[in-house]
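*Asks:* There's a structure below that I have some questions on.
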Amino acid sequence: MIRKMYLAVIALGVLSVSCSNDDDDATPQVETSELTLNLTGLEALGDDFVYEGWVIVDGAPVSTGRFSDVNFPQTFQVLSTQLAAATTFVLSIEPTVDPDPAPAETKVLAGDFSGTSASVNSNLVADFSTVAGTFILATPTDMDDTNEESGVWFLDNASGTAVTGLNLPELSDGWKYEGWAVINGTPISTGTFTDASMADDNAATSSFKGDAGNGPGYPGEDYLQNAPAGFTFPTDLRGTTIVVSVEPSPDNSAAPFTLKPLAQMVATDAAVHTSITMGAGPVQSLMGTVNR
C-alpha cells in the first residue's frame with residue numbers, strides 16, 4: 001500500500017514537470033519589426049528634452065522610442081502587429097524625465113503611412129508659406145534719442161501710424177514665436193509671443209529695456225542695459241540679422257530652434273524709425289521619411 005502511494009506521488013511530480021514544460025513551450029514569442037527614420041533639419045535639444053516617435057494605432061499613440069542624436073537614418077524596433085496597423089507617424093518633443101506616458105503637445109512632425117512609408121513634415125506646427133514681416137529700429141523705453149539703432153520692434157509705421165509688423169499663422173499648442181537679434185554671431189532674444197499684435201511675454205520684465213516704460217504694444221526689445229558677458233549695451237543693430245523663430249514651449253534652450261520662418265540682415269546704413277521688410281527665413285519647414 002505504501003509503495004503504491006509512493007509511486008503515485010512520483011507520477012504526480014512527473015505530470016507537474018511535464019505541464020510546466022508545456023507552458024514554457026507555449027509562451028508566445030514577441031515579434032518586432034524595424035521602423036527607420038530619415039529626417040532632415042532637426043537640431044539637438046537642450047539637456048532636459050528629447051525627441052520621441054509615435055505611431056497611431058486604432059486612434060491611440062504607441063511610442064516607437066526616444067532619441068537625442070539628430071544624425072539619420074535611425075532604426076527602432078516596434079511590435080510587428082502595431083507597426084503593421086499604424087496609420088500615422090508623429091514626432092514630439094518630450095521632457096527627459098517624463099511622468100506622462102502620453103505625447104506632449106509639442107509635436108514637430110507628422111505624416112500618414114502609404115504602404116510601407118510615410119512622408120512627414122512640420123505643417124502641423126503651422127504653414128509658413130505666406131509669412132511676411134516688418135520691423136523698425138528704435139528705443140522707445142528710454143528718454144535718450146541718440147541710441148535709436150539699439151532697439152528692434154516688429155511693427156510697421158510706413159503709413160505714419162504703427163500697426164502690426166508680422167503676418168504669422170497661429171501656432172499649434174506647444175509652440176511660441178521668438179524674436180532674435182544676431183549680434184556678432186550670437187542670437188540674443190527679443191522675447192517670446194503668440195500674438196504679433198500684442199506685446200511679447202517679457203515686455204514688462206526685460207532686463208535689457210530702458211527705465212522709461214515698456215515700449216509699444218508689439219513684440220520687440222531695446223538693448224540698452226545689463227548686456228550679456230562679452231557685449232556692450234547700447235549697441236548698434238545695423239549690420240546684424242533680425243530673426244523670428246518658432247520655439248517649443250516649454251523651452252530650455254537659449255538658442256533658436258530649427259524653424260525660422262523670417263529673417264533679415266539690417267543694412268549698415270539703415271535709417272531708424274523706418275520700416276524694414278523681412279525676407280523668408282532659412283528654415284520654414286522640416287520634413288523626412290519614415291519606413292516600416
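Identifiers in the C-alpha cells: chain A, B, ... in order shown; residue index from 1 per chain; ligand index from 1 in order shown.
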What's around Glu34 of chain A at 8 Å? Count only C-alpha atoms, leave out sequence neighbours fewer than 4 positions away in its own chain, and write the answer as a PyMOL selection string.

*Replies:* chain A and resi 75-78+292

*Asks:* Env of Ser80 of chain A: 7 Å cut, atoms = only C-alpha atoms, seq-sep filter 2 positions within chain, self excluded. Answer as a list of chain:residue names.

*Replies:*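 Neighbouring residues, sequence-local ones excluded: A:Glu31, A:Thr32, A:Ser33, A:Val78, A:Gln82, A:Leu83, A:Ala84.
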
*Asks:* Considering only C-alpha atoms, can you say which of A:Thr161, A:Asn147, A:Ser92, A:Thr192 comes closest to Val125 of chain A?

*Replies:*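 Closest candidate: A:Ser92.
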
*Asks:* Using only C-alpha atoms, which protein or nucleic acid residues come within 10 Å of Leu45 of chain A? Drop anything in the same chain fewer than 5 positions from it, and give the result as a ChimeraX atom specification.

*Replies:* /A:50-51,68-70,93,248,251-253,255,257-258

*Asks:* Suppose we keep all heavy atoms; can you now write the selection as a compact mmCIF listing (two decimals), in the first residue's frame?

*Replies:*
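Below you can see result.txt, which holds the result:
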# COMPACT_ATOMS: atom_id res chain seq x y z
N VAL A 50 14.01 65.50 -25.11
CA VAL A 50 14.38 64.53 -26.15
C VAL A 50 13.26 64.48 -27.19
O VAL A 50 12.14 64.92 -26.94
CB VAL A 50 14.60 63.11 -25.56
CG1 VAL A 50 15.76 63.08 -24.61
CG2 VAL A 50 13.32 62.61 -24.88
N TYR A 51 13.57 63.94 -28.36
CA TYR A 51 12.55 63.63 -29.35
C TYR A 51 11.97 62.26 -29.06
O TYR A 51 12.67 61.36 -28.56
CB TYR A 51 13.15 63.64 -30.75
CG TYR A 51 13.60 64.99 -31.24
CD1 TYR A 51 14.95 65.32 -31.29
CD2 TYR A 51 12.68 65.95 -31.65
CE1 TYR A 51 15.38 66.57 -31.74
CE2 TYR A 51 13.10 67.19 -32.11
CZ TYR A 51 14.44 67.49 -32.15
OH TYR A 51 14.86 68.72 -32.60
N SER A 68 18.03 61.61 -28.85
CA SER A 68 18.56 62.97 -28.79
C SER A 68 19.56 63.22 -29.91
O SER A 68 19.81 64.38 -30.26
CB SER A 68 19.20 63.24 -27.43
OG SER A 68 20.20 62.27 -27.14
N ASP A 69 20.13 62.15 -30.46
CA ASP A 69 21.04 62.26 -31.59
C ASP A 69 20.25 62.62 -32.85
O ASP A 69 19.26 61.95 -33.16
CB ASP A 69 21.78 60.93 -31.78
CG ASP A 69 22.78 60.95 -32.91
OD1 ASP A 69 22.96 62.02 -33.54
OD2 ASP A 69 23.38 59.89 -33.19
N VAL A 70 20.65 63.65 -33.57
CA VAL A 70 19.90 64.08 -34.75
C VAL A 70 20.62 63.71 -36.05
O VAL A 70 20.43 64.36 -37.08
CB VAL A 70 19.61 65.60 -34.69
CG1 VAL A 70 18.59 65.89 -33.60
CG2 VAL A 70 20.88 66.42 -34.47
N ILE A 93 8.30 66.43 -28.90
CA ILE A 93 9.40 66.81 -28.01
C ILE A 93 8.93 66.57 -26.59
O ILE A 93 7.89 67.08 -26.17
CB ILE A 93 9.80 68.28 -28.21
CG1 ILE A 93 10.34 68.48 -29.64
CG2 ILE A 93 10.84 68.72 -27.19
CD1 ILE A 93 10.64 69.93 -29.99
N PRO A 248 9.76 75.53 -29.08
CA PRO A 248 8.95 74.67 -28.21
C PRO A 248 8.61 75.42 -26.93
O PRO A 248 9.38 76.24 -26.45
CB PRO A 248 9.87 73.48 -27.91
CG PRO A 248 10.98 73.56 -28.91
CD PRO A 248 11.12 75.01 -29.28
N ASP A 251 10.61 75.59 -23.20
CA ASP A 251 11.85 75.56 -23.97
C ASP A 251 13.01 75.81 -23.03
O ASP A 251 13.06 76.85 -22.37
CB ASP A 251 11.77 76.65 -25.05
CG ASP A 251 13.02 76.72 -25.91
OD1 ASP A 251 13.83 75.78 -25.86
OD2 ASP A 251 13.19 77.73 -26.61
N ASN A 252 13.95 74.87 -22.96
CA ASN A 252 15.06 75.05 -22.04
C ASN A 252 16.36 75.39 -22.75
O ASN A 252 17.42 75.41 -22.15
CB ASN A 252 15.28 73.79 -21.19
CG ASN A 252 15.94 72.68 -21.98
OD1 ASN A 252 15.64 72.48 -23.15
ND2 ASN A 252 16.83 71.94 -21.35
N SER A 253 16.29 75.68 -24.05
CA SER A 253 17.50 76.01 -24.80
C SER A 253 17.57 77.51 -25.02
O SER A 253 16.59 78.16 -25.40
CB SER A 253 17.50 75.29 -26.15
OG SER A 253 18.62 75.71 -26.93
N ALA A 255 19.27 78.86 -27.33
CA ALA A 255 19.47 79.09 -28.76
C ALA A 255 18.15 79.00 -29.52
O ALA A 255 17.21 78.34 -29.07
CB ALA A 255 20.46 78.07 -29.32
N PHE A 257 15.36 77.64 -32.05
CA PHE A 257 15.01 76.32 -32.56
C PHE A 257 15.19 76.31 -34.09
O PHE A 257 15.38 77.35 -34.72
CB PHE A 257 13.58 75.96 -32.17
CG PHE A 257 13.16 74.56 -32.52
CD1 PHE A 257 13.78 73.48 -31.92
CD2 PHE A 257 12.17 74.32 -33.44
CE1 PHE A 257 13.41 72.18 -32.23
CE2 PHE A 257 11.78 73.03 -33.77
CZ PHE A 257 12.41 71.95 -33.16
N THR A 258 15.09 75.13 -34.67
CA THR A 258 15.35 74.95 -36.09
C THR A 258 14.45 75.79 -36.98
O THR A 258 14.90 76.35 -37.98
CB THR A 258 15.14 73.46 -36.46
OG1 THR A 258 15.88 72.65 -35.53
CG2 THR A 258 15.59 73.17 -37.86

*Asks:* Taking only C-alpha atoms into account, which of A:Val182, A:Ile242, A:Val266, A:Val108 comes nearest Ala126 of chain A?

*Replies:*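 That would be A:Val108, the residue with the smallest distance to Ala126 of chain A.
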
*Asks:* Compare A:Asn184, A:Ser117, A:Val30, A:Gly53 by their minimum atom-to-atom distance to Leu79 of chain A, counting only C-alpha atoms, and give me the closest one.

*Replies:*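 Ranked by minimum distance to Leu79 of chain A, first place goes to A:Val30.
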
*Asks:* Near segment 170-179 of chain A, counting only C-alpha atoms, which residues have an atom at most 7 Å away, once you skip same-chain residues fewer than 3 positions from it, shown as a list of chain:residue names?

*Replies:* A:Glu105, A:Thr106, A:Leu124, A:Val125, A:Ala126, A:Ser189, A:Thr190, A:Gly191, A:Thr192, A:Phe193, A:Thr194, A:Val243, A:Val244, A:Ser245, A:Val246, A:Glu247, A:Pro248, A:Ser249

*Asks:* Would you mind exporting C-alpha atoms of the selected residues as a PDB file, in the first residue's frame?

*Replies:*
ATOM      1  CA  GLU A 105       1.532  68.965 -27.034  1.00  0.00           C
ATOM      2  CA  THR A 106       4.790  69.940 -28.737  1.00  0.00           C
ATOM      3  CA  LEU A 124       1.109  70.534 -38.035  1.00  0.00           C
ATOM      4  CA  VAL A 125       3.085  73.327 -36.288  1.00  0.00           C
ATOM      5  CA  ALA A 126       1.884  75.872 -38.878  1.00  0.00           C
ATOM      6  CA  SER A 189      16.294  87.134 -27.694  1.00  0.00           C
ATOM      7  CA  THR A 190      13.794  89.954 -28.022  1.00  0.00           C
ATOM      8  CA  GLY A 191      11.175  87.840 -26.213  1.00  0.00           C
ATOM      9  CA  THR A 192       8.553  85.173 -26.910  1.00  0.00           C
ATOM     10  CA  PHE A 193       4.998  85.775 -28.098  1.00  0.00           C
ATOM     11  CA  THR A 194       1.983  84.048 -29.607  1.00  0.00           C
ATOM     12  CA  VAL A 243      15.168  86.620 -36.977  1.00  0.00           C
ATOM     13  CA  VAL A 244      11.762  85.284 -35.970  1.00  0.00           C
ATOM     14  CA  SER A 245      11.871  81.636 -34.885  1.00  0.00           C
ATOM     15  CA  VAL A 246       9.330  79.085 -33.666  1.00  0.00           C
ATOM     16  CA  GLU A 247      10.167  77.634 -30.256  1.00  0.00           C
ATOM     17  CA  PRO A 248       8.950  74.672 -28.211  1.00  0.00           C
ATOM     18  CA  SER A 249       7.024  75.727 -25.119  1.00  0.00           C
TER      19      SER A 249
END

*Asks:* Please identify all polymer residues within 10 Å of Ser122 of chain A, counting only C-alpha atoms, omitting same-chain residues fewer than 2 positions from it, and present them as a list of chain:residue names.

*Replies:*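 Final neighbour list, sorted by chain and number: A:Val90, A:Leu91, A:Lys107, A:Val108, A:Leu109, A:Ala110, A:Gly111, A:Val120, A:Leu124, A:Val125, A:Ala126, A:Asp127, A:Phe128, A:Leu259, A:Gln284, A:Ser285, A:Leu286, A:Met287, A:Gly288.
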
*Asks:* Tell me which of A:Asp201, A:Glu148, A:Glu94, A:Glu43 sits closest to Gly65 of chain A, counting only C-alpha atoms.

*Replies:*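 Using only C-alpha atoms, Gly65 of chain A sits closest to A:Glu94.
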
*Asks:* From the options A:Pro250, A:Gly151, A:Pro140, A:Pro73, which residue's atoms come nearest to Asp236 of chain A, counting only C-alpha atoms?

*Replies:* A:Gly151
